[in-house]
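Structure file structure38.cif (mmCIF, C-alpha atoms) follows.
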data_final
#
loop_
_atom_site.group_PDB
_atom_site.id
_atom_site.type_symbol
_atom_site.label_atom_id
_atom_site.label_comp_id
_atom_site.auth_asym_id
_atom_site.auth_seq_id
_atom_site.Cartn_x
_atom_site.Cartn_y
_atom_site.Cartn_z
ATOM 1 C CA MET A 1 -6.839 -25.984 23.079
ATOM 2 C CA ASN A 2 -5.802 -28.916 25.291
ATOM 3 C CA PRO A 3 -2.157 -29.900 25.377
ATOM 4 C CA PRO A 4 -1.596 -33.081 23.386
ATOM 5 C CA THR A 5 -0.201 -36.030 25.330
ATOM 6 C CA VAL A 6 3.553 -35.835 25.633
ATOM 7 C CA SER A 7 5.078 -38.463 23.373
ATOM 8 C CA GLN A 8 7.776 -40.946 24.283
ATOM 9 C CA SER A 9 10.470 -38.981 22.468
ATOM 10 C CA ALA A 10 9.696 -35.771 24.345
ATOM 11 C CA GLU A 11 9.758 -37.614 27.667
ATOM 12 C CA THR A 12 13.201 -39.026 27.057
ATOM 13 C CA ASN A 13 14.876 -35.606 26.731
ATOM 14 C CA SER A 14 17.283 -35.071 29.575
ATOM 15 C CA PRO A 15 16.468 -32.177 31.914
ATOM 16 C CA ALA A 16 20.013 -30.909 31.292
ATOM 17 C CA LEU A 17 19.205 -30.409 27.597
ATOM 18 C CA MET A 18 16.212 -28.224 28.427
ATOM 19 C CA GLU A 19 18.564 -26.023 30.467
ATOM 20 C CA SER A 20 20.494 -25.136 27.276
ATOM 21 C CA PRO A 21 20.552 -21.317 27.006
ATOM 22 C CA PHE A 22 19.630 -21.553 23.325
ATOM 23 C CA LEU A 23 16.568 -23.754 23.865
ATOM 24 C CA LYS A 24 15.491 -21.484 26.724
ATOM 25 C CA ALA A 25 15.780 -18.463 24.412
ATOM 26 C CA LEU A 26 13.744 -20.294 21.773
ATOM 27 C CA VAL A 27 10.999 -21.190 24.238
ATOM 28 C CA GLN A 28 10.948 -17.545 25.324
ATOM 29 C CA GLN A 29 10.475 -16.435 21.697
ATOM 30 C CA ILE A 30 7.556 -18.837 21.218
ATOM 31 C CA ARG A 31 5.884 -17.765 24.459
ATOM 32 C CA ALA A 32 6.402 -14.087 23.583
ATOM 33 C CA ASN A 33 4.270 -14.569 20.455
ATOM 34 C CA ASP A 34 1.542 -16.431 22.325
ATOM 35 C CA SER A 35 -0.840 -13.456 22.613
ATOM 36 C CA TYR A 36 -3.862 -15.581 23.462
ATOM 37 C CA GLY A 37 -2.184 -17.691 26.120
ATOM 38 C CA THR A 38 -2.741 -20.890 24.139
ATOM 39 C CA PHE A 39 0.579 -22.350 25.265
ATOM 40 C CA ARG A 40 0.363 -21.221 28.872
ATOM 41 C CA SER A 41 -0.163 -24.746 30.221
ATOM 42 C CA TRP A 42 2.186 -26.425 27.724
ATOM 43 C CA SER A 43 5.584 -27.697 28.796
ATOM 44 C CA ASP A 44 8.721 -26.321 27.144
ATOM 45 C CA GLU A 45 9.366 -29.714 25.499
ATOM 46 C CA LEU A 46 5.944 -29.640 23.928
ATOM 47 C CA LEU A 47 6.530 -26.154 22.487
ATOM 48 C CA LEU A 48 9.782 -27.268 20.895
ATOM 49 C CA LYS A 49 8.416 -30.524 19.455
ATOM 50 C CA PRO A 50 7.497 -29.041 16.037
ATOM 51 C CA TYR A 51 11.216 -28.274 15.533
ATOM 52 C CA VAL A 52 11.965 -31.999 15.488
ATOM 53 C CA VAL A 53 11.221 -33.362 12.034
ATOM 54 C CA SER A 54 12.616 -36.749 11.038
ATOM 55 C CA LYS A 55 14.030 -37.416 7.561
ATOM 56 C CA ALA A 56 10.997 -39.586 6.773
ATOM 57 C CA GLN A 57 8.624 -36.813 7.894
ATOM 58 C CA LYS A 58 10.530 -34.277 5.763
ATOM 59 C CA ARG A 59 10.081 -36.419 2.680
ATOM 60 C CA GLU A 60 6.317 -36.312 3.227
ATOM 61 C CA ILE A 61 6.202 -32.489 3.292
ATOM 62 C CA SER A 62 5.597 -31.027 -0.159
ATOM 63 C CA VAL A 63 8.010 -28.313 -1.296
ATOM 64 C CA ASP A 64 5.628 -27.042 -3.979
ATOM 65 C CA GLY A 65 4.116 -23.678 -3.208
ATOM 66 C CA ASP A 66 4.865 -21.156 -0.516
ATOM 67 C CA VAL A 67 5.898 -21.789 3.061
ATOM 68 C CA ASP A 68 2.903 -21.759 5.397
ATOM 69 C CA PRO A 69 2.812 -18.996 8.025
ATOM 70 C CA ILE A 70 3.254 -21.407 10.955
ATOM 71 C CA THR A 71 6.493 -22.817 9.507
ATOM 72 C CA LYS A 72 7.639 -19.286 8.693
ATOM 73 C CA GLY A 73 6.946 -18.274 12.294
ATOM 74 C CA ARG A 74 8.963 -21.248 13.491
ATOM 75 C CA ILE A 75 11.965 -20.252 11.327
ATOM 76 C CA LEU A 76 11.693 -16.651 12.525
ATOM 77 C CA ALA A 77 11.591 -17.724 16.189
ATOM 78 C CA PHE A 78 14.707 -19.879 15.611
ATOM 79 C CA TYR A 79 16.709 -16.941 14.231
ATOM 80 C CA ARG A 80 15.285 -14.511 16.788
ATOM 81 C CA ALA A 81 16.457 -16.835 19.548
ATOM 82 C CA ILE A 82 19.954 -16.783 18.005
ATOM 83 C CA ALA A 83 19.809 -12.974 17.778
ATOM 84 C CA HIS A 84 18.740 -12.836 21.422
ATOM 85 C CA ARG A 85 21.679 -15.052 22.454
ATOM 86 C CA ILE A 86 24.110 -12.908 20.434
ATOM 87 C CA GLU A 87 22.714 -9.786 22.106
ATOM 88 C CA ALA A 88 23.140 -11.379 25.521
ATOM 89 C CA GLU A 89 26.777 -12.286 24.792
ATOM 90 C CA THR A 90 27.874 -9.074 23.047
ATOM 91 C CA GLY A 91 25.513 -6.359 24.278
ATOM 92 C CA GLN A 92 24.865 -5.384 20.628
ATOM 93 C CA LEU A 93 21.307 -5.009 19.371
ATOM 94 C CA CYS A 94 20.506 -7.412 16.519
ATOM 95 C CA GLN A 95 17.790 -7.389 13.850
ATOM 96 C CA VAL A 96 16.386 -10.470 12.155
ATOM 97 C CA VAL A 97 15.081 -10.697 8.601
ATOM 98 C CA VAL A 98 13.728 -13.906 7.069
ATOM 99 C CA ASP A 99 13.002 -13.444 3.390
ATOM 100 C CA LEU A 100 11.277 -16.402 1.741
ATOM 101 C CA SER A 101 10.666 -15.226 -1.773
ATOM 102 C CA HIS A 102 10.284 -18.191 -4.061
ATOM 103 C CA GLU A 103 8.620 -21.353 -2.880
ATOM 104 C CA GLY A 104 10.760 -22.091 0.140
ATOM 105 C CA PHE A 105 13.938 -20.392 -1.069
ATOM 106 C CA GLY A 106 15.364 -17.333 0.563
ATOM 107 C CA TRP A 107 17.587 -15.799 3.200
ATOM 108 C CA ALA A 108 17.769 -15.699 6.960
ATOM 109 C CA LEU A 109 19.844 -12.736 8.089
ATOM 110 C CA ILE A 110 20.842 -11.374 11.477
ATOM 111 C CA PHE A 111 22.398 -7.945 11.379
ATOM 112 C CA CYS A 112 23.919 -5.613 13.847
ATOM 113 C CA GLY A 113 24.972 -2.162 12.657
ATOM 114 C CA ARG A 114 26.478 -2.786 9.224
ATOM 115 C CA LEU A 115 27.625 -6.302 10.065
ATOM 116 C CA LEU A 116 25.908 -9.599 9.308
ATOM 117 C CA PRO A 117 26.972 -11.998 12.063
ATOM 118 C CA VAL A 118 24.581 -14.639 10.652
ATOM 119 C CA THR A 119 23.621 -15.249 7.003
ATOM 120 C CA ARG A 120 21.915 -18.409 5.871
ATOM 121 C CA THR A 121 20.401 -19.361 2.559
ATOM 122 C CA LEU A 122 17.153 -21.251 3.067
ATOM 123 C CA ARG A 123 16.092 -24.079 0.785
ATOM 124 C CA ASP A 124 12.981 -26.223 1.025
ATOM 125 C CA ALA A 125 12.025 -24.136 4.038
ATOM 126 C CA GLN A 126 8.708 -26.020 4.144
ATOM 127 C CA ARG A 127 10.771 -28.874 5.660
ATOM 128 C CA PHE A 128 12.540 -26.746 8.293
ATOM 129 C CA GLY A 129 13.378 -28.935 11.275
ATOM 130 C CA PHE A 130 16.036 -30.950 13.053
ATOM 131 C CA ASP A 131 16.595 -34.650 13.739
ATOM 132 C CA SER A 132 16.381 -34.142 17.500
ATOM 133 C CA LEU A 133 16.277 -31.462 20.185
ATOM 134 C CA GLU A 134 20.020 -32.063 20.701
ATOM 135 C CA LYS A 135 20.659 -31.205 17.043
ATOM 136 C CA LEU A 136 18.404 -28.132 17.329
ATOM 137 C CA ALA A 137 20.326 -26.906 20.385
ATOM 138 C CA ALA A 138 23.682 -27.664 18.733
ATOM 139 C CA GLU A 139 22.784 -25.753 15.548
ATOM 140 C CA GLY A 140 21.489 -22.769 17.542
ATOM 141 C CA ASP A 141 24.654 -22.722 19.647
ATOM 142 C CA LYS A 142 26.889 -23.041 16.591
ATOM 143 C CA LEU A 143 25.267 -20.085 14.800
ATOM 144 C CA THR A 144 25.314 -18.029 18.009
ATOM 145 C CA GLN A 145 29.017 -18.691 18.603
ATOM 146 C CA SER A 146 30.017 -17.938 15.041
ATOM 147 C CA GLY A 147 27.918 -14.743 15.147
ATOM 148 C CA VAL A 148 29.575 -13.637 18.383
ATOM 149 C CA GLU A 149 32.992 -14.228 16.806
ATOM 150 C CA TYR A 150 32.139 -12.040 13.812
ATOM 151 C CA ILE A 151 31.105 -9.219 16.146
ATOM 152 C CA LYS A 152 34.326 -9.569 18.144
ATOM 153 C CA ARG A 153 36.349 -9.592 14.928
ATOM 154 C CA PHE A 154 34.681 -6.497 13.414
ATOM 155 C CA PRO A 155 33.438 -4.482 16.398
ATOM 156 C CA GLU A 156 33.620 -1.218 14.473
ATOM 157 C CA VAL A 157 31.252 -2.479 11.733
ATOM 158 C CA ALA A 158 28.786 -3.839 14.283
ATOM 159 C CA ARG A 159 28.707 -0.526 16.135
ATOM 160 C CA ILE A 160 27.912 1.764 13.149
ATOM 161 C CA MET B 1 -1.371 -3.400 -23.223
ATOM 162 C CA ASN B 2 -1.001 -0.094 -25.078
ATOM 163 C CA PRO B 3 1.430 2.493 -23.764
ATOM 164 C CA PRO B 4 -0.408 5.358 -22.057
ATOM 165 C CA THR B 5 0.083 8.823 -23.551
ATOM 166 C CA VAL B 6 3.235 10.457 -22.290
ATOM 167 C CA SER B 7 2.294 13.197 -19.856
ATOM 168 C CA GLN B 8 3.654 16.730 -19.800
ATOM 169 C CA SER B 9 5.924 16.005 -16.859
ATOM 170 C CA ALA B 10 7.557 13.052 -18.619
ATOM 171 C CA GLU B 11 8.155 15.101 -21.754
ATOM 172 C CA THR B 12 9.926 17.846 -19.883
ATOM 173 C CA ASN B 13 12.662 15.528 -18.558
ATOM 174 C CA SER B 14 15.992 16.492 -20.030
ATOM 175 C CA PRO B 15 17.715 13.830 -22.144
ATOM 176 C CA ALA B 16 20.770 14.282 -19.915
ATOM 177 C CA LEU B 17 18.772 13.058 -16.911
ATOM 178 C CA MET B 18 17.824 9.851 -18.707
ATOM 179 C CA GLU B 19 21.546 9.216 -19.248
ATOM 180 C CA SER B 20 22.056 8.985 -15.467
ATOM 181 C CA PRO B 21 23.762 5.637 -14.790
ATOM 182 C CA PHE B 22 21.352 4.994 -11.947
ATOM 183 C CA LEU B 23 18.198 5.558 -14.002
ATOM 184 C CA LYS B 24 19.658 3.382 -16.762
ATOM 185 C CA ALA B 25 20.285 0.616 -14.237
ATOM 186 C CA LEU B 26 16.722 0.970 -12.960
ATOM 187 C CA VAL B 27 15.247 0.759 -16.464
ATOM 188 C CA GLN B 28 17.385 -2.338 -17.036
ATOM 189 C CA GLN B 29 15.948 -3.946 -13.876
ATOM 190 C CA ILE B 30 12.402 -3.238 -15.002
ATOM 191 C CA ARG B 31 13.007 -4.593 -18.508
ATOM 192 C CA ALA B 32 14.741 -7.671 -17.070
ATOM 193 C CA ASN B 33 11.510 -8.593 -15.267
ATOM 194 C CA ASP B 34 9.342 -8.017 -18.324
ATOM 195 C CA SER B 35 9.024 -11.702 -19.256
ATOM 196 C CA TYR B 36 6.061 -11.161 -21.571
ATOM 197 C CA GLY B 37 7.506 -8.205 -23.473
ATOM 198 C CA THR B 38 4.724 -5.888 -22.301
ATOM 199 C CA PHE B 39 7.106 -2.936 -22.028
ATOM 200 C CA ARG B 40 9.045 -3.600 -25.242
ATOM 201 C CA SER B 41 7.561 -0.594 -27.049
ATOM 202 C CA TRP B 42 7.526 1.691 -23.987
ATOM 203 C CA SER B 43 10.022 4.509 -23.600
ATOM 204 C CA ASP B 44 12.364 4.564 -20.596
ATOM 205 C CA GLU B 45 10.574 7.647 -19.235
ATOM 206 C CA LEU B 46 7.293 5.804 -19.298
ATOM 207 C CA LEU B 47 8.739 2.854 -17.402
ATOM 208 C CA LEU B 48 10.033 5.158 -14.672
ATOM 209 C CA LYS B 49 6.844 7.184 -14.353
ATOM 210 C CA PRO B 50 5.319 5.075 -11.545
ATOM 211 C CA TYR B 51 8.327 6.071 -9.390
ATOM 212 C CA VAL B 52 7.155 9.666 -9.447
ATOM 213 C CA VAL B 53 4.444 10.129 -6.832
ATOM 214 C CA SER B 54 3.505 13.628 -5.692
ATOM 215 C CA LYS B 55 2.790 14.459 -2.061
ATOM 216 C CA ALA B 56 -0.907 14.854 -2.929
ATOM 217 C CA GLN B 57 -0.960 11.455 -4.637
ATOM 218 C CA LYS B 58 0.764 9.889 -1.643
ATOM 219 C CA ARG B 59 -1.930 11.175 0.685
ATOM 220 C CA GLU B 60 -4.528 9.385 -1.427
ATOM 221 C CA ILE B 61 -2.824 5.992 -1.112
ATOM 222 C CA SER B 62 -4.116 4.036 1.875
ATOM 223 C CA VAL B 63 -1.482 2.660 4.241
ATOM 224 C CA ASP B 64 -3.890 0.131 5.740
ATOM 225 C CA GLY B 65 -3.177 -3.425 4.781
ATOM 226 C CA ASP B 66 -0.260 -4.991 2.981
ATOM 227 C CA VAL B 67 1.827 -3.525 0.168
ATOM 228 C CA ASP B 68 0.552 -4.693 -3.229
ATOM 229 C CA PRO B 69 2.911 -6.872 -5.307
ATOM 230 C CA ILE B 70 3.403 -4.184 -7.994
ATOM 231 C CA THR B 71 4.616 -1.613 -5.464
ATOM 232 C CA LYS B 72 6.782 -4.271 -3.834
ATOM 233 C CA GLY B 73 8.284 -5.073 -7.236
ATOM 234 C CA ARG B 74 8.985 -1.374 -7.758
ATOM 235 C CA ILE B 75 10.808 -1.121 -4.412
ATOM 236 C CA LEU B 76 12.792 -4.263 -5.193
ATOM 237 C CA ALA B 77 13.818 -2.941 -8.632
ATOM 238 C CA PHE B 78 14.965 0.332 -7.003
ATOM 239 C CA TYR B 79 17.271 -1.476 -4.567
ATOM 240 C CA ARG B 80 18.411 -3.977 -7.202
ATOM 241 C CA ALA B 81 19.445 -1.060 -9.407
ATOM 242 C CA ILE B 82 21.501 0.333 -6.506
ATOM 243 C CA ALA B 83 23.055 -3.104 -5.934
ATOM 244 C CA HIS B 84 23.866 -3.291 -9.642
ATOM 245 C CA ARG B 85 25.567 0.121 -9.539
ATOM 246 C CA ILE B 86 27.552 -0.842 -6.431
ATOM 247 C CA GLU B 87 28.659 -4.044 -8.186
ATOM 248 C CA ALA B 88 29.725 -2.041 -11.232
ATOM 249 C CA GLU B 89 31.785 0.354 -9.095
ATOM 250 C CA THR B 90 33.367 -2.146 -6.686
ATOM 251 C CA GLY B 91 33.344 -5.494 -8.501
ATOM 252 C CA GLN B 92 31.718 -7.055 -5.427
ATOM 253 C CA LEU B 93 28.615 -9.213 -5.795
ATOM 254 C CA CYS B 94 25.629 -7.797 -3.876
ATOM 255 C CA GLN B 95 22.399 -9.410 -2.670
ATOM 256 C CA VAL B 96 19.141 -7.549 -2.124
ATOM 257 C CA VAL B 97 16.470 -8.366 0.450
ATOM 258 C CA VAL B 98 13.280 -6.353 0.867
ATOM 259 C CA ASP B 99 11.317 -7.532 3.877
ATOM 260 C CA LEU B 100 7.906 -5.932 4.269
ATOM 261 C CA SER B 101 6.448 -7.650 7.274
ATOM 262 C CA HIS B 102 3.797 -5.492 8.839
ATOM 263 C CA GLU B 103 1.532 -3.337 6.698
ATOM 264 C CA GLY B 104 4.153 -1.332 4.853
ATOM 265 C CA PHE B 105 6.871 -1.484 7.509
ATOM 266 C CA GLY B 106 10.096 -3.341 6.997
ATOM 267 C CA TRP B 107 13.673 -3.357 5.785
ATOM 268 C CA ALA B 108 15.495 -2.922 2.516
ATOM 269 C CA LEU B 109 18.959 -4.439 2.747
ATOM 270 C CA ILE B 110 21.836 -4.777 0.323
ATOM 271 C CA PHE B 111 24.595 -7.063 1.473
ATOM 272 C CA CYS B 112 27.911 -8.103 0.207
ATOM 273 C CA GLY B 113 29.828 -10.784 2.102
ATOM 274 C CA ARG B 114 29.213 -9.948 5.765
ATOM 275 C CA LEU B 115 28.822 -6.217 5.119
ATOM 276 C CA LEU B 116 25.625 -4.207 4.669
ATOM 277 C CA PRO B 117 26.516 -1.279 2.393
ATOM 278 C CA VAL B 118 22.838 -0.250 2.328
ATOM 279 C CA THR B 119 20.234 -0.595 5.104
ATOM 280 C CA ARG B 120 16.952 1.248 5.012
ATOM 281 C CA THR B 121 13.905 0.997 7.206
ATOM 282 C CA LEU B 122 10.734 1.218 5.133
ATOM 283 C CA ARG B 123 7.615 2.960 6.393
ATOM 284 C CA ASP B 124 4.326 3.403 4.574
ATOM 285 C CA ALA B 125 5.876 1.481 1.701
ATOM 286 C CA GLN B 126 2.490 1.579 -0.071
ATOM 287 C CA ARG B 127 3.408 5.221 -0.853
ATOM 288 C CA PHE B 128 6.904 4.484 -2.192
ATOM 289 C CA GLY B 129 7.830 7.155 -4.709
ATOM 290 C CA PHE B 130 9.728 10.369 -5.379
ATOM 291 C CA ASP B 131 8.745 13.970 -6.156
ATOM 292 C CA SER B 132 10.446 13.849 -9.542
ATOM 293 C CA LEU B 133 12.789 11.764 -11.694
ATOM 294 C CA GLU B 134 15.613 14.083 -10.583
ATOM 295 C CA LYS B 135 14.910 13.206 -6.949
ATOM 296 C CA LEU B 136 14.728 9.496 -7.840
ATOM 297 C CA ALA B 137 18.103 9.671 -9.605
ATOM 298 C CA ALA B 138 19.622 11.714 -6.751
ATOM 299 C CA GLU B 139 18.433 9.236 -4.095
ATOM 300 C CA GLY B 140 19.697 6.258 -6.105
ATOM 301 C CA ASP B 141 23.078 7.918 -6.581
ATOM 302 C CA LYS B 142 23.317 8.884 -2.928
ATOM 303 C CA LEU B 143 22.657 5.335 -1.700
ATOM 304 C CA THR B 144 25.050 3.932 -4.323
ATOM 305 C CA GLN B 145 27.856 6.293 -3.310
ATOM 306 C CA SER B 146 27.419 5.698 0.395
ATOM 307 C CA GLY B 147 27.329 1.927 -0.265
ATOM 308 C CA VAL B 148 30.534 2.100 -2.302
ATOM 309 C CA GLU B 149 32.216 4.017 0.525
ATOM 310 C CA TYR B 150 31.266 1.358 3.084
ATOM 311 C CA ILE B 151 32.792 -1.331 0.868
ATOM 312 C CA LYS B 152 35.984 0.704 0.451
ATOM 313 C CA ARG B 153 36.135 1.304 4.185
ATOM 314 C CA PHE B 154 35.617 -2.349 5.165
ATOM 315 C CA PRO B 155 36.887 -4.362 2.190
ATOM 316 C CA GLU B 156 37.711 -7.353 4.367
ATOM 317 C CA VAL B 157 34.129 -7.669 5.647
ATOM 318 C CA ALA B 158 32.688 -7.352 2.130
ATOM 319 C CA ARG B 159 34.974 -10.075 0.830
ATOM 320 C CA ILE B 160 34.163 -12.793 3.413
#
Written as structure tokens, that's how I'd like the structure from this file.
Amino acid sequence: MNPPTVSQSAETNSPALMESPFLKALVQQIRANDSYGTFRSWSDELLLKPYVVSKAQKREISVDGDVDPITKGRILAFYRAIAHRIEAETGQLCQVVVDLSHEGFGWALIFCGRLLPVTRTLRDAQRFGFDSLEKLAAEGDKLTQSGVEYIKRFPEVARI
Amino acid sequence: MNPPTVSQSAETNSPALMESPFLKALVQQIRANDSYGTFRSWSDELLLKPYVVSKAQKREISVDGDVDPITKGRILAFYRAIAHRIEAETGQLCQVVVDLSHEGFGWALIFCGRLLPVTRTLRDAQRFGFDSLEKLAAEGDKLTQSGVEYIKRFPEVARI
């Protein structure tokens, strides 16, 4: 597969943004699942592009039926990147479960011992995405920080 | 669908066993999902029979490929019955997630606020079952009791 041409919006991302520890962790997750080396020649920006979905684009995505495996993989990589960041900041091993049971509804959970540093209900998961890479990085950082705080607050529960 | 003839093993269950709060909760879960009234005329013993799988029967079930939806439903009902019992004993609302990702491997989780009173790794979930109804009831009670203890130990985490 040839890399598609980098669009205007991807080109305008500041290099500083791509240095965000969360976006780096997310890129790492995507590359880790790239068993056939499809993405080897792709830039990090290009790998993250599917996470940027405008409001207009979201409206065009049908929420009837189940979430397709590619979108599910994208959601999983997002939460795995958060888990990876939480591990890096706390030294605690985290597990990720994304359960999409009914047509785009479900749960995203990160757990660590008996503690859930991250719980999110998912709705219309078919439309999973963010307005911009900045928003993606901000959301990842926010969930990471709040997860780290839960682990600091209940260290005993996280260690069981 | 006509009810199959009750086998010897089902007939020999003591009435006291069927009064177990856990088995009652499990029967309730199964009947709750019986939208078409298929099981209306079935006895409780008959509904629970698929949970009894002998070692020999287990060996005959292939663990290649994904877990079929009926077995998955059975696993879900088992953990929902535990969640229901924990709710009855603690007054805390519980959520159940069964995540079977890779050919019978996965997680069964019951959570309550930010606490996980029950976490189980699942292996060879295609073969989910118990030696007898006694064992089924004992396992359900054991997981319920240990879940209740976690909630009593960390009430603050369960209440978030």
Q: I need the residue set behind the PyMOL selection byres ((chain A) within 9 of (chain B)) for this file; please write it as a list in words.
A: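 So the PyMOL selection byres ((chain A) within 9 of (chain B)), applied here, picks out Val97, Val98, Asp99, Trp107, Phe111, Gly113, Arg114, Leu115, Leu116, Pro117, Val118, Thr119, Tyr150, Phe154 and Val157 of chain A.
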Q) What separation in Å, quoted to one decimal, exists between atom CA of A:Ala16 and atom CA of A:Lys72? A)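 For atom CA of A:Ala16 relative to atom CA of A:Lys72, the distance reads 28.3 Å.
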Q. Just how far from atom CA of A:Ser35 is atom CA of A:Lys49, in Å to one decimal?
A.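 A separation of 19.7 Å between them.
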Q.
Using only C-alpha atoms for the distances, tell me which of B:Leu76, B:Ala56, B:Leu26, B:Ala32 is nearest to B:Asp44.
A. B:Leu26
Q.
What's around stretch 123-131 of chain A at 7 Å? Count only C-alpha atoms, leave out sequence neighbours fewer than 3 positions away in its own chain, and write the answer as a PyMOL selection string.
A. chain A and resi 51-54+58+61+63+67+71+104-106+135-136
Emit the selected residues as a PDB file, keeping the file's coordinate frame, including C-alpha atoms.
ATOM      1  CA  TYR A  51      11.216 -28.274  15.533  1.00  0.00           C
ATOM      2  CA  VAL A  52      11.965 -31.999  15.488  1.00  0.00           C
ATOM      3  CA  VAL A  53      11.221 -33.362  12.034  1.00  0.00           C
ATOM      4  CA  SER A  54      12.616 -36.749  11.038  1.00  0.00           C
ATOM      5  CA  LYS A  58      10.530 -34.277   5.763  1.00  0.00           C
ATOM      6  CA  ILE A  61       6.202 -32.489   3.292  1.00  0.00           C
ATOM      7  CA  VAL A  63       8.010 -28.313  -1.296  1.00  0.00           C
ATOM      8  CA  VAL A  67       5.898 -21.789   3.061  1.00  0.00           C
ATOM      9  CA  THR A  71       6.493 -22.817   9.507  1.00  0.00           C
ATOM     10  CA  GLY A 104      10.760 -22.091   0.140  1.00  0.00           C
ATOM     11  CA  PHE A 105      13.938 -20.392  -1.069  1.00  0.00           C
ATOM     12  CA  GLY A 106      15.364 -17.333   0.563  1.00  0.00           C
ATOM     13  CA  LYS A 135      20.659 -31.205  17.043  1.00  0.00           C
ATOM     14  CA  LEU A 136      18.404 -28.132  17.329  1.00  0.00           C
TER      15      LEU A 136
END
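Excluding B:Glu89 itself and same-chain residues fewer than 6 positions from it, the residues having an atom within 12 Å of it are Pro21, Phe22, Ile82, Ala83, Asp141, Thr144, Gln145, Ser146, Gly147, Val148, Glu149, Ile151 and Lys152 of chain B, counting all atoms listed in the file.
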Got time to write the residues from that selection, C-alpha atoms, as a short mmCIF file (atom, residue, chain, number, x, y, z; two decimals), in the frame of the given file?
data_model
loop_
_atom_site.label_atom_id
_atom_site.label_comp_id
_atom_site.auth_asym_id
_atom_site.auth_seq_id
_atom_site.Cartn_x
_atom_site.Cartn_y
_atom_site.Cartn_z
CA PRO B 21 23.76 5.64 -14.79
CA PHE B 22 21.35 4.99 -11.95
CA ILE B 82 21.50 0.33 -6.51
CA ALA B 83 23.06 -3.10 -5.93
CA ASP B 141 23.08 7.92 -6.58
CA THR B 144 25.05 3.93 -4.32
CA GLN B 145 27.86 6.29 -3.31
CA SER B 146 27.42 5.70 0.40
CA GLY B 147 27.33 1.93 -0.26
CA VAL B 148 30.53 2.10 -2.30
CA GLU B 149 32.22 4.02 0.52
CA ILE B 151 32.79 -1.33 0.87
CA LYS B 152 35.98 0.70 0.45
#
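The coordinates place atom CA of B:Ala25 at 23.9 Å from atom CA of B:Pro155.
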(Q) Given only C-alpha atoms as the basis, pick out the residue of B:Ile70, B:Cys94, B:Ala137, B:Ala77 nearest to B:Leu23. (A) B:Ala137
As a PDB file with C-alpha atoms, in the frame of the given file, please: the residues near B:Glu103 (cut-off 7 Å, only C-alpha atoms, same-chain neighbours under 5 positions excluded).
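New file part-v2.pdb:
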ATOM      1  CA  ASP B  64      -3.890   0.131   5.740  1.00  0.00           C
ATOM      2  CA  GLY B  65      -3.177  -3.425   4.781  1.00  0.00           C
ATOM      3  CA  ASP B  66      -0.260  -4.991   2.981  1.00  0.00           C
ATOM      4  CA  VAL B  67       1.827  -3.525   0.168  1.00  0.00           C
TER       5      VAL B  67
END
Q: Tell me which residues the PyMOL selection byres ((chain A and resi 39) around 12) grabs here, as a ChimeraX atom specification.
A: /A:1-4,27-28,30-38,40-48
Can I get the selected residues back with C-alpha atoms, as a short mmCIF file (atom, residue, chain, number, x, y, z; two decimals), in the frame of the given file?
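Once written, again_12.cif looks like this:
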data_model
loop_
_atom_site.label_atom_id
_atom_site.label_comp_id
_atom_site.auth_asym_id
_atom_site.auth_seq_id
_atom_site.Cartn_x
_atom_site.Cartn_y
_atom_site.Cartn_z
CA MET A 1 -6.84 -25.98 23.08
CA ASN A 2 -5.80 -28.92 25.29
CA PRO A 3 -2.16 -29.90 25.38
CA PRO A 4 -1.60 -33.08 23.39
CA VAL A 27 11.00 -21.19 24.24
CA GLN A 28 10.95 -17.55 25.32
CA ILE A 30 7.56 -18.84 21.22
CA ARG A 31 5.88 -17.76 24.46
CA ALA A 32 6.40 -14.09 23.58
CA ASN A 33 4.27 -14.57 20.45
CA ASP A 34 1.54 -16.43 22.32
CA SER A 35 -0.84 -13.46 22.61
CA TYR A 36 -3.86 -15.58 23.46
CA GLY A 37 -2.18 -17.69 26.12
CA THR A 38 -2.74 -20.89 24.14
CA ARG A 40 0.36 -21.22 28.87
CA SER A 41 -0.16 -24.75 30.22
CA TRP A 42 2.19 -26.42 27.72
CA SER A 43 5.58 -27.70 28.80
CA ASP A 44 8.72 -26.32 27.14
CA GLU A 45 9.37 -29.71 25.50
CA LEU A 46 5.94 -29.64 23.93
CA LEU A 47 6.53 -26.15 22.49
CA LEU A 48 9.78 -27.27 20.90
#
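Distance check against A:Ser20 using only C-alpha atoms: of A:Asp68, A:Glu60, A:Glu87, A:Glu139, the minimum falls on A:Glu139.
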Reconstructed N, CA and C atoms for stretch 62-67 of chain A, given as a compact mmCIF listing (two decimals), keeping the file's coordinate frame:
# COMPACT_ATOMS: atom_id res chain seq x y z
N SER A 62 5.44 -31.51 1.21
CA SER A 62 5.60 -31.03 -0.16
C SER A 62 6.38 -29.72 -0.18
N VAL A 63 7.28 -29.57 -1.16
CA VAL A 63 8.01 -28.31 -1.30
C VAL A 63 7.45 -27.48 -2.46
N ASP A 64 6.30 -27.88 -2.98
CA ASP A 64 5.63 -27.04 -3.98
C ASP A 64 4.88 -25.94 -3.25
N GLY A 65 4.88 -24.77 -3.80
CA GLY A 65 4.12 -23.68 -3.21
C GLY A 65 4.85 -23.00 -2.08
N ASP A 66 4.22 -21.99 -1.52
CA ASP A 66 4.86 -21.16 -0.52
C ASP A 66 4.92 -21.84 0.84
N VAL A 67 5.75 -21.28 1.71
CA VAL A 67 5.90 -21.79 3.06
C VAL A 67 4.70 -21.31 3.89
